[in-house]
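Trainee: Below is my_file35.txt; it holds compact mmCIF, C-alpha atoms.
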```
# COMPACT_ATOMS: atom_id res chain seq x y z
CA MET B 6 -23.92 63.05 104.21
CA GLU B 7 -22.47 66.53 104.64
CA ILE B 8 -24.80 68.90 106.49
CA TYR B 9 -24.79 72.67 106.10
CA SER B 10 -26.50 75.30 108.23
CA LEU B 11 -27.78 78.68 107.04
CA SER B 12 -29.17 80.83 109.84
CA GLY B 13 -30.31 84.37 110.52
CA PRO B 14 -33.21 86.39 111.95
CA SER B 15 -36.69 85.96 110.50
CA GLY B 16 -37.40 87.93 107.37
CA THR B 17 -33.79 88.59 106.32
CA GLY B 18 -33.93 86.74 102.99
CA LYS B 19 -32.64 83.26 103.90
CA SER B 20 -35.07 81.34 101.71
CA THR B 21 -34.20 83.40 98.65
CA ALA B 22 -30.45 83.12 99.29
CA ALA B 23 -30.67 79.38 99.96
CA LEU B 24 -31.24 78.35 96.34
CA SER B 25 -28.12 80.12 95.10
CA PHE B 26 -26.09 79.00 98.13
CA ALA B 27 -27.10 75.36 97.60
CA HIS B 28 -26.24 75.54 93.90
CA ASP B 29 -22.84 77.11 94.57
CA HIS B 30 -21.94 74.37 97.06
CA GLY B 31 -23.39 71.42 95.17
CA ILE B 32 -26.07 70.81 97.80
CA GLU B 33 -29.00 68.72 96.52
CA GLY B 34 -31.44 69.12 99.42
CA ILE B 35 -32.75 71.98 101.55
CA ILE B 36 -34.75 71.81 104.77
CA ASP B 37 -36.77 75.03 105.10
CA ASP B 38 -39.73 75.60 107.42
CA GLY B 39 -40.67 71.92 107.52
CA LEU B 40 -40.19 71.22 103.81
CA LEU B 41 -37.61 69.01 102.12
CA ILE B 42 -36.72 70.70 98.83
CA VAL B 43 -34.52 68.92 96.29
CA LYS B 44 -33.18 70.75 93.25
CA GLY B 45 -35.70 73.54 93.71
CA LYS B 46 -38.76 71.29 94.06
CA LYS B 47 -40.69 70.18 97.15
CA VAL B 48 -40.42 66.41 97.66
CA ALA B 49 -41.67 65.94 101.24
CA GLY B 50 -43.00 67.69 104.32
CA THR B 51 -45.49 70.42 105.14
CA SER B 52 -44.56 74.09 105.38
CA ALA B 53 -44.74 75.85 108.73
CA LYS B 54 -46.29 78.74 106.83
CA PHE B 55 -49.52 76.73 106.58
CA GLU B 56 -50.05 76.92 110.35
CA LYS B 57 -52.62 79.22 111.96
CA SER B 58 -50.37 80.50 114.78
CA ALA B 59 -46.72 81.41 115.19
CA PHE B 60 -46.37 78.84 117.99
CA LYS B 61 -47.60 76.01 115.77
CA ALA B 62 -45.41 77.28 112.95
CA VAL B 63 -42.29 76.92 115.09
CA LYS B 64 -43.28 73.39 116.12
CA ARG B 65 -43.81 72.47 112.49
CA ALA B 66 -40.45 73.95 111.46
CA ILE B 67 -38.56 71.85 114.02
CA PHE B 68 -40.46 68.63 113.22
CA MET B 69 -42.29 68.12 116.50
CA ASP B 70 -45.07 66.17 114.72
CA GLU B 71 -43.99 62.53 114.47
CA ASN B 72 -45.77 61.76 111.18
CA HIS B 73 -44.24 64.85 109.60
CA LEU B 74 -40.82 63.88 110.96
CA LYS B 75 -41.00 60.32 109.59
CA GLU B 76 -42.13 61.49 106.16
CA VAL B 77 -39.10 63.75 105.74
CA GLN B 78 -36.67 61.25 107.28
CA ASN B 79 -37.83 58.54 104.86
CA ALA B 80 -37.49 60.88 101.89
CA ILE B 81 -33.93 61.82 102.88
CA ASN B 82 -32.98 58.16 103.20
CA ASP B 83 -34.67 57.13 99.94
CA LEU B 84 -32.98 59.91 97.96
CA ALA B 85 -29.53 59.09 99.38
CA LEU B 86 -28.55 62.76 99.47
CA THR B 87 -24.85 63.55 99.76
CA LYS B 88 -25.34 67.14 100.95
CA LEU B 89 -28.18 68.81 102.86
CA LEU B 90 -28.73 72.46 103.85
CA ILE B 91 -30.80 73.28 106.95
CA ILE B 92 -32.27 76.78 107.28
CA GLY B 93 -33.19 78.28 110.64
CA THR B 94 -33.27 81.46 112.69
CA SER B 95 -30.16 80.47 114.67
CA ASP B 96 -27.41 77.85 114.88
CA ARG B 97 -29.27 76.42 117.85
CA MET B 98 -32.40 75.91 115.73
CA THR B 99 -30.55 74.24 112.85
CA ASN B 100 -28.72 71.97 115.31
CA ASN B 101 -32.09 71.08 116.86
CA ILE B 102 -33.53 70.21 113.45
CA ALA B 103 -30.52 68.05 112.57
CA GLU B 104 -30.91 66.21 115.88
CA ARG B 105 -34.66 65.68 115.37
CA LEU B 106 -34.06 64.29 111.88
CA ALA B 107 -31.28 62.04 113.24
CA ILE B 108 -29.01 62.81 110.31
CA GLY B 109 -25.81 63.58 112.20
CA LYS B 110 -24.06 66.76 113.25
CA ILE B 111 -23.79 69.89 111.14
CA ASN B 112 -20.45 70.20 109.36
CA TYR B 113 -20.56 73.79 108.08
CA TYR B 114 -22.23 76.93 109.45
CA THR B 115 -23.10 80.01 107.39
CA HIS B 116 -24.99 83.10 108.52
CA ILE B 117 -27.18 85.29 106.34
CA GLU B 118 -24.91 88.31 106.90
CA ASP B 119 -22.21 86.34 105.06
CA LEU B 120 -24.44 86.32 101.95
CA LYS B 121 -26.50 89.52 102.16
CA THR B 122 -25.58 93.14 102.80
CA SER B 123 -27.02 95.03 105.74
CA GLY B 124 -29.19 97.04 103.33
CA GLU B 125 -30.59 93.90 101.66
CA MET B 126 -31.46 92.33 105.02
CA LYS B 127 -33.16 95.47 106.30
CA LEU B 128 -35.24 95.77 103.14
CA ALA B 129 -36.32 92.12 103.44
CA LYS B 130 -37.30 92.65 107.09
CA PHE B 131 -39.17 95.83 106.18
CA ILE B 132 -41.27 93.99 103.57
CA ARG B 133 -41.96 91.18 106.05
CA LYS B 134 -43.01 93.64 108.77
CA THR B 135 -45.16 95.96 106.68
CA GLU B 136 -46.72 93.64 104.12
CA GLY B 137 -46.40 90.24 105.80
CA LYS B 138 -44.71 88.71 102.76
CA HIS B 139 -42.94 85.40 103.29
CA ILE B 140 -40.84 83.61 100.67
CA MET B 141 -41.00 79.91 99.93
CA PRO B 142 -38.15 78.55 97.73
CA ILE B 143 -40.49 76.40 95.60
CA PRO B 144 -42.59 77.15 92.49
CA VAL B 145 -46.06 78.60 92.98
CA VAL B 146 -47.66 75.46 91.47
CA GLN B 147 -46.34 73.44 94.41
CA VAL B 148 -47.96 75.64 97.05
CA GLU B 149 -51.30 74.47 98.40
CA GLN B 150 -53.27 77.62 97.70
CA ASN B 151 -56.23 76.65 99.89
CA PHE B 152 -54.08 77.37 102.93
CA PHE B 153 -53.66 80.99 101.94
CA LYS B 154 -56.80 83.05 101.85
CA ARG B 155 -55.21 86.47 101.68
CA PHE B 156 -52.14 86.53 99.49
CA ILE B 157 -50.21 84.30 97.17
CA GLN B 158 -48.25 85.09 94.01
CA LYS B 159 -45.33 83.99 91.93
CA GLY B 160 -42.02 85.25 93.22
CA MET B 161 -38.86 85.26 91.13
CA GLU B 162 -36.84 82.80 89.13
CA ILE B 163 -33.36 82.19 90.52
CA PHE B 164 -30.46 81.84 88.11
CA SER B 165 -26.82 80.85 88.48
CA PRO B 166 -24.02 83.18 87.28
CA LYS B 167 -24.09 81.11 84.06
CA ARG B 168 -27.81 81.95 83.66
CA GLU B 169 -28.92 78.40 84.49
CA LYS B 170 -32.31 78.35 86.18
CA ILE B 171 -31.81 76.79 89.60
CA GLY B 172 -35.21 77.39 91.20
CA GLU B 173 -38.22 79.62 91.79
CA THR B 174 -39.73 81.37 94.78
CA THR B 175 -43.34 81.96 95.82
CA ILE B 176 -44.62 84.87 97.90
CA VAL B 177 -47.23 84.04 100.54
CA GLN B 178 -48.90 85.76 103.47
CA PRO B 179 -49.47 83.24 106.28
CA ASP B 180 -52.50 83.54 108.52
CA PHE B 181 -50.30 83.91 111.61
CA HIS B 182 -48.53 87.03 110.31
CA GLN B 183 -50.40 90.28 110.90
CA ALA B 184 -48.87 92.91 108.62
CA ILE B 185 -49.03 96.59 109.58
CA GLY B 186 -49.84 97.64 106.02
CA HIS B 187 -48.28 99.02 102.89
CA ILE B 188 -46.40 102.32 103.24
CA GLU B 189 -47.08 104.80 100.48
CA LYS B 190 -44.18 106.21 98.49
CA GLN B 191 -45.06 109.77 99.55
CA ARG B 192 -44.21 108.96 103.16
CA PHE B 193 -40.62 108.11 102.19
CA ILE B 194 -40.39 111.29 100.13
CA ASP B 195 -41.74 113.41 103.00
CA ASN B 196 -39.12 111.97 105.35
CA ILE B 197 -36.32 112.89 102.93
CA LYS B 198 -37.75 116.36 102.35
CA HIS B 199 -38.02 117.09 106.08
CA ALA B 200 -34.42 115.97 106.65
CA CYS B 201 -33.30 118.41 103.95
CA GLU B 202 -35.40 121.30 105.21
CA GLU B 203 -34.00 120.89 108.73
CA ASP B 204 -30.47 121.51 107.42
CA GLU B 205 -29.24 125.11 107.31
CA LEU B 206 -27.47 124.42 104.01
CA VAL B 207 -30.74 123.87 102.15
CA GLN B 208 -32.80 126.84 100.99
CA LYS B 209 -35.39 124.80 99.13
CA VAL B 210 -36.04 121.29 97.79
CA THR B 211 -37.39 121.44 94.24
CA LYS B 212 -37.77 117.73 93.43
CA ILE B 213 -37.29 114.33 95.04
CA GLN B 214 -37.17 111.00 93.25
CA PHE B 215 -37.32 107.85 95.37
CA ASP B 216 -37.43 104.11 94.67
CA LEU B 217 -37.59 101.28 97.19
CA PHE B 218 -36.25 98.56 94.89
CA PRO B 219 -33.85 96.95 94.26
CA LEU B 220 -32.57 98.86 97.31
CA PRO B 221 -33.81 102.22 98.63
CA HIS B 222 -32.26 105.15 96.75
CA THR B 223 -33.07 108.79 96.16
CA THR B 224 -32.15 111.77 93.97
CA ILE B 225 -32.79 115.25 95.40
CA ASN B 226 -32.77 118.56 93.50
CA THR B 227 -31.96 121.42 95.87
CA VAL B 228 -31.37 125.14 96.11
CA LEU B 229 -28.57 125.75 98.62
CA ARG B 230 -27.87 128.81 100.74
CA GLY B 231 -24.75 130.73 99.84
CA PRO B 232 -22.00 131.37 100.23
CA ILE B 233 -20.71 127.85 99.64
CA LYS B 234 -17.45 126.66 98.13
CA LEU B 235 -18.34 124.04 95.58
CA ASN B 236 -14.91 122.42 95.84
CA GLU B 237 -15.59 121.58 99.51
CA LYS B 238 -17.50 118.29 99.77
CA MET B 239 -17.95 118.27 103.56
CA PRO B 240 -21.25 120.23 103.77
CA ILE B 241 -22.87 117.96 101.17
CA LEU B 242 -21.53 114.83 102.86
CA GLN B 243 -22.94 116.02 106.18
CA LEU B 244 -26.33 116.63 104.55
CA GLN B 245 -26.29 113.12 103.08
CA GLN B 246 -25.52 111.66 106.50
CA LYS B 247 -28.43 113.56 108.07
CA ILE B 248 -30.83 112.29 105.40
CA LYS B 249 -29.51 108.74 105.81
CA HIS B 250 -29.85 108.84 109.60
CA LYS B 251 -33.38 110.27 109.62
CA PHE B 252 -34.55 107.75 107.03
CA GLU B 253 -33.12 104.78 108.91
CA GLU B 254 -34.48 106.07 112.21
CA GLU B 255 -38.07 106.09 110.90
CA PHE B 256 -38.12 103.07 108.60
CA GLU B 257 -35.22 100.86 109.78
CA LEU B 258 -33.99 100.91 106.18
CA GLU B 259 -30.70 101.97 104.64
CA LEU B 260 -30.62 104.39 101.72
CA GLN B 261 -28.25 102.76 99.25
CA SER B 262 -27.53 106.03 97.46
CA ILE B 263 -28.36 109.71 98.09
CA ASN B 264 -27.70 111.83 95.02
CA ILE B 265 -27.94 115.56 95.61
CA HIS B 266 -28.25 117.71 92.50
CA LEU B 267 -27.53 121.40 92.93
CA VAL B 268 -30.08 123.51 91.04
CA SER B 269 -28.77 126.86 92.25
CA ILE B 270 -27.23 128.78 95.16
CA GLN B 271 -29.36 131.46 96.81
CA TYR B 272 -27.47 134.34 98.42
CA GLU B 273 -29.23 136.39 101.09
CA ASN B 274 -28.32 139.74 99.48
CA ASN B 275 -29.46 138.62 96.02
CA LYS B 276 -33.05 138.36 94.95
CA GLU B 277 -32.21 136.05 92.09
CA PRO B 278 -30.44 132.71 92.58
CA VAL B 279 -27.16 131.88 90.93
CA ILE B 280 -27.95 129.17 88.41
CA HIS B 281 -25.45 126.34 87.90
CA ARG B 282 -25.56 124.42 84.65
```
Would it be possible to restate this file's structure as structure tokens?
Mentor:
Amino acid sequence: MEIYSLSGPSGTGKSTAALSFAHDHGIEGIIDDGLLIVKGKKVAGTSAKFEKSAFKAVKRAIFMDENHLKEVQNAINDLALTKLLIIGTSDRMTNNIAERLAIGKINYYTHIEDLKTSGEMKLAKFIRKTEGKHIMPIPVVQVEQNFFKRFIQKGMEIFSPKREKIGETTIVQPDFHQAIGHIEKQRFIDNIKHACEEDELVQKVTKIQFDLFPLPHTTINTVLRGPIKLNEKMPILQLQQKIKHKFEEEFELELQSINIHLVSIQYENNKEPVIHR
């Protein structure tokens, strides 16, 4: 059996990426947080996300319980899998899991940054931190809902490039994860507005549009101070960098795009702005 490893920090989107990765590499089985998942369906094991503490969750994920270990080992043997993907927070963790399962050494190592952009990983971590959302790469009907008192909902369907459905995800909020709470959209907008107002180029911000998904992006309507040569991009680029830096500093998120629309240029010796169509 060929064994693959997919590792990366908690909350960076490994479980979501795993279904597509497994499909692309012809991998039948996935080990994720104590579960054995075959072709997008749970076939054995118990999820670490059912545990009441982070410590117990880690022990569950690395198969420290002997009954849990035997159940998954037997299922792997019975199914005669040819390829298996192990998900963990590090290469050390996936190696440890492979050793505990006694299935041989890992043949191929992949890291989440090979599959996801920096912006995608930061957004996933932000959602984990603020709202406590964890992803399980199995359908919602296979999740034991009694374990989750606070939050459980259907995630997304995962498709191949040929639009073949290859799996589903479920969003859960484990008891051991204490979220800091949802951040209102206005807070993001205020951050962007303050970054603009701190720049000498900006006379006034007239409108800000912001969306968090699919990746954070914003469109800003501004009145700029003149004189400014519109064929020189440097002042606008510098403003975009300031907005980007201030946003990332507060939220640990990357703005995917910052579109600045010039409404007018205000000259100090003119009462009326110069309008640009």
Trainee: Find the residue from B:Ile92, B:Ile117, B:Leu267, B:Leu244 that sits nearest to Ala129 in chain B; use all atoms listed in the file when measuring.
Mentor: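 Of B:Ile92, B:Ile117, B:Leu267, B:Leu244, the one nearest Ala129 in chain B, counting all atoms listed in the file, is B:Ile117.
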Trainee: Compile the contact shell of Ile157 in chain B as an mmCIF file with C-alpha atoms, in the coordinates of the input: residues with an atom at most 8 Å away, counting only C-alpha atoms, same-chain residues fewer than 5 positions apart removed.
Mentor:
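Everything below was put into part.cif:
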```cif
data_model
loop_
_atom_site.group_PDB
_atom_site.id
_atom_site.type_symbol
_atom_site.label_atom_id
_atom_site.label_comp_id
_atom_site.auth_asym_id
_atom_site.auth_seq_id
_atom_site.Cartn_x
_atom_site.Cartn_y
_atom_site.Cartn_z
ATOM 1 C CA GLN B 150 -53.270 77.620 97.700
ATOM 2 C CA THR B 175 -43.340 81.960 95.820
ATOM 3 C CA ILE B 176 -44.620 84.870 97.900
ATOM 4 C CA VAL B 177 -47.230 84.040 100.540
ATOM 5 C CA GLN B 178 -48.900 85.760 103.470
#
```
Trainee: Centre and edge lengths of an axis-aligned box around all listed atoms of range 56-65 of chain B, with 5 Å added on each side, are to be given in Å to one decimal, as lines of an AutoDock Vina configuration file.
Mentor:
```
center_x = -47.5
center_y = 76.9
center_z = 114.2
size_x = 20.3
size_y = 18.9
size_z = 17.6
```
Trainee: Would you mind listing what lies within 8 Å of range 28-44 of chain B as a compact mmCIF listing (two decimals) with C-alpha atoms, in the coordinates of the input, with all atoms listed in the file counted and same-chain residues fewer than 6 positions away left out?
Mentor:
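Okay, this is what ended up in around.txt:
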```txt
# COMPACT_ATOMS: atom_id res chain seq x y z
CA SER B 20 -35.07 81.34 101.71
CA GLY B 50 -43.00 67.69 104.32
CA THR B 51 -45.49 70.42 105.14
CA SER B 52 -44.56 74.09 105.38
CA ALA B 53 -44.74 75.85 108.73
CA LYS B 54 -46.29 78.74 106.83
CA ARG B 65 -43.81 72.47 112.49
CA ALA B 66 -40.45 73.95 111.46
CA ILE B 67 -38.56 71.85 114.02
CA PHE B 68 -40.46 68.63 113.22
CA VAL B 77 -39.10 63.75 105.74
CA LEU B 86 -28.55 62.76 99.47
CA THR B 87 -24.85 63.55 99.76
CA LYS B 88 -25.34 67.14 100.95
CA LEU B 89 -28.18 68.81 102.86
CA LEU B 90 -28.73 72.46 103.85
CA ILE B 91 -30.80 73.28 106.95
CA ILE B 92 -32.27 76.78 107.28
CA GLY B 93 -33.19 78.28 110.64
CA ILE B 143 -40.49 76.40 95.60
CA SER B 165 -26.82 80.85 88.48
CA ILE B 171 -31.81 76.79 89.60
CA GLY B 172 -35.21 77.39 91.20
```
Trainee: Identify, on the basis of all atoms listed in the file, every residue whose closest approach to Phe164 in chain B does not exceed 9 Å; exclude the query and any residue fewer than 4 positions from it along the same chain; express the result as a PyMOL selection string.
Mentor: chain B and resi 24-25+168-173
Trainee: Just the selected residues (C-alpha atoms), exported as a JSON list (two decimals), keeping the file's coordinate frame, please.
Mentor:
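Full text of again-v8.json as output:
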```json
[["chain", "number", "residue", "atom", "x", "y", "z"],
["B", 24, "LEU", "CA", -31.24, 78.35, 96.34],
["B", 25, "SER", "CA", -28.12, 80.12, 95.10],
["B", 168, "ARG", "CA", -27.81, 81.95, 83.66],
["B", 169, "GLU", "CA", -28.92, 78.40, 84.49],
["B", 170, "LYS", "CA", -32.31, 78.35, 86.18],
["B", 171, "ILE", "CA", -31.81, 76.79, 89.60],
["B", 172, "GLY", "CA", -35.21, 77.39, 91.20],
["B", 173, "GLU", "CA", -38.22, 79.62, 91.79]]
```
Trainee: Tell me, in Å to one decimal, how far CA of Thr224 in chain B is from CA of Asn264 in chain B.
Mentor: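 So the two atoms, CA of Thr224 in chain B and CA of Asn264 in chain B, lie 4.6 Å apart.
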Trainee: So that I can see what lies close to Lys130 in chain B, please list as a compact mmCIF listing (two decimals) with C-alpha atoms, keeping the file's coordinate frame the residues with an atom at most 10 Å from it, counting all atoms listed in the file and leaving out residues fewer than 5 positions away in the same chain.
Mentor:
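Saved as result_34.txt:
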```txt
# COMPACT_ATOMS: atom_id res chain seq x y z
CA PRO B 14 -33.21 86.39 111.95
CA SER B 15 -36.69 85.96 110.50
CA GLY B 16 -37.40 87.93 107.37
CA THR B 17 -33.79 88.59 106.32
CA GLY B 18 -33.93 86.74 102.99
CA GLY B 124 -29.19 97.04 103.33
CA GLU B 125 -30.59 93.90 101.66
CA THR B 135 -45.16 95.96 106.68
CA GLU B 136 -46.72 93.64 104.12
CA GLY B 137 -46.40 90.24 105.80
CA LYS B 138 -44.71 88.71 102.76
CA HIS B 139 -42.94 85.40 103.29
CA GLU B 257 -35.22 100.86 109.78
CA LEU B 258 -33.99 100.91 106.18
```
Trainee: Expressed in Å to a single decimal, how great is the separation between CA of Leu217 in chain B and CA of Met141 in chain B?
Mentor: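 Computed distance, CA of Leu217 in chain B to CA of Met141 in chain B, equals 21.8 Å.
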Trainee: With distances taken over all atoms listed in the file, which of B:Leu206, B:Met126, B:Ala59, B:Ile185 is nearest to Leu229 in chain B?
Mentor: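 Nearest candidate to Leu229 in chain B out of B:Leu206, B:Met126, B:Ala59, B:Ile185: B:Leu206.
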Trainee: Once you count only C-alpha atoms, which residues end up no further than 7 Å from (-45.8, 81.2, 94.0) in the file's frame, shown as a list in words?
Mentor: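 The distance filter leaves exactly Pro144, Val145, Val146, Val148, Ile157, Gln158, Lys159, Gly160, Thr174, Thr175 and Ile176 of chain B.
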Trainee: Could you please determine the separation between CA of Glu259 in chain B and CA of Asp216 in chain B in Å, to one decimal place?
Mentor: 12.2 Å
Trainee: Near His199 in chain B, counting all atoms listed in the file, which residues have an atom at most 9 Å away, once you skip same-chain residues fewer than 4 positions from it, shown as a list in words?
Mentor: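 Skipping anything fewer than 4 positions along the chain leaves Ile194, Asp195, Glu203, Asp204, Ile248 and Lys251 of chain B.
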Trainee: Go through B:Arg97, B:His266, B:His73, B:Arg192 one by one, measure the shortest atom-to-atom distance of each to Val228 in chain B using only C-alpha atoms, and give the residue with the smallest value.
Mentor: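 Using only C-alpha atoms, the shortest distance to Val228 in chain B belongs to B:His266.
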Trainee: Give the answer as one residue: which of B:Ile111, B:Met6, B:Leu120, B:Ala23 has the shortest atom-to-atom distance to Asn82 in chain B, using all atoms listed in the file?
Mentor: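 Result for the nearest residue to Asn82 in chain B: B:Met6.
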Trainee: Which residue gives the smallest distance to Val63 in chain B among B:Thr94, B:Gln271, B:Gln183, B:Asn79, with only C-alpha atoms counted?
Mentor: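 Under the stated criterion, the closest residue is B:Thr94.
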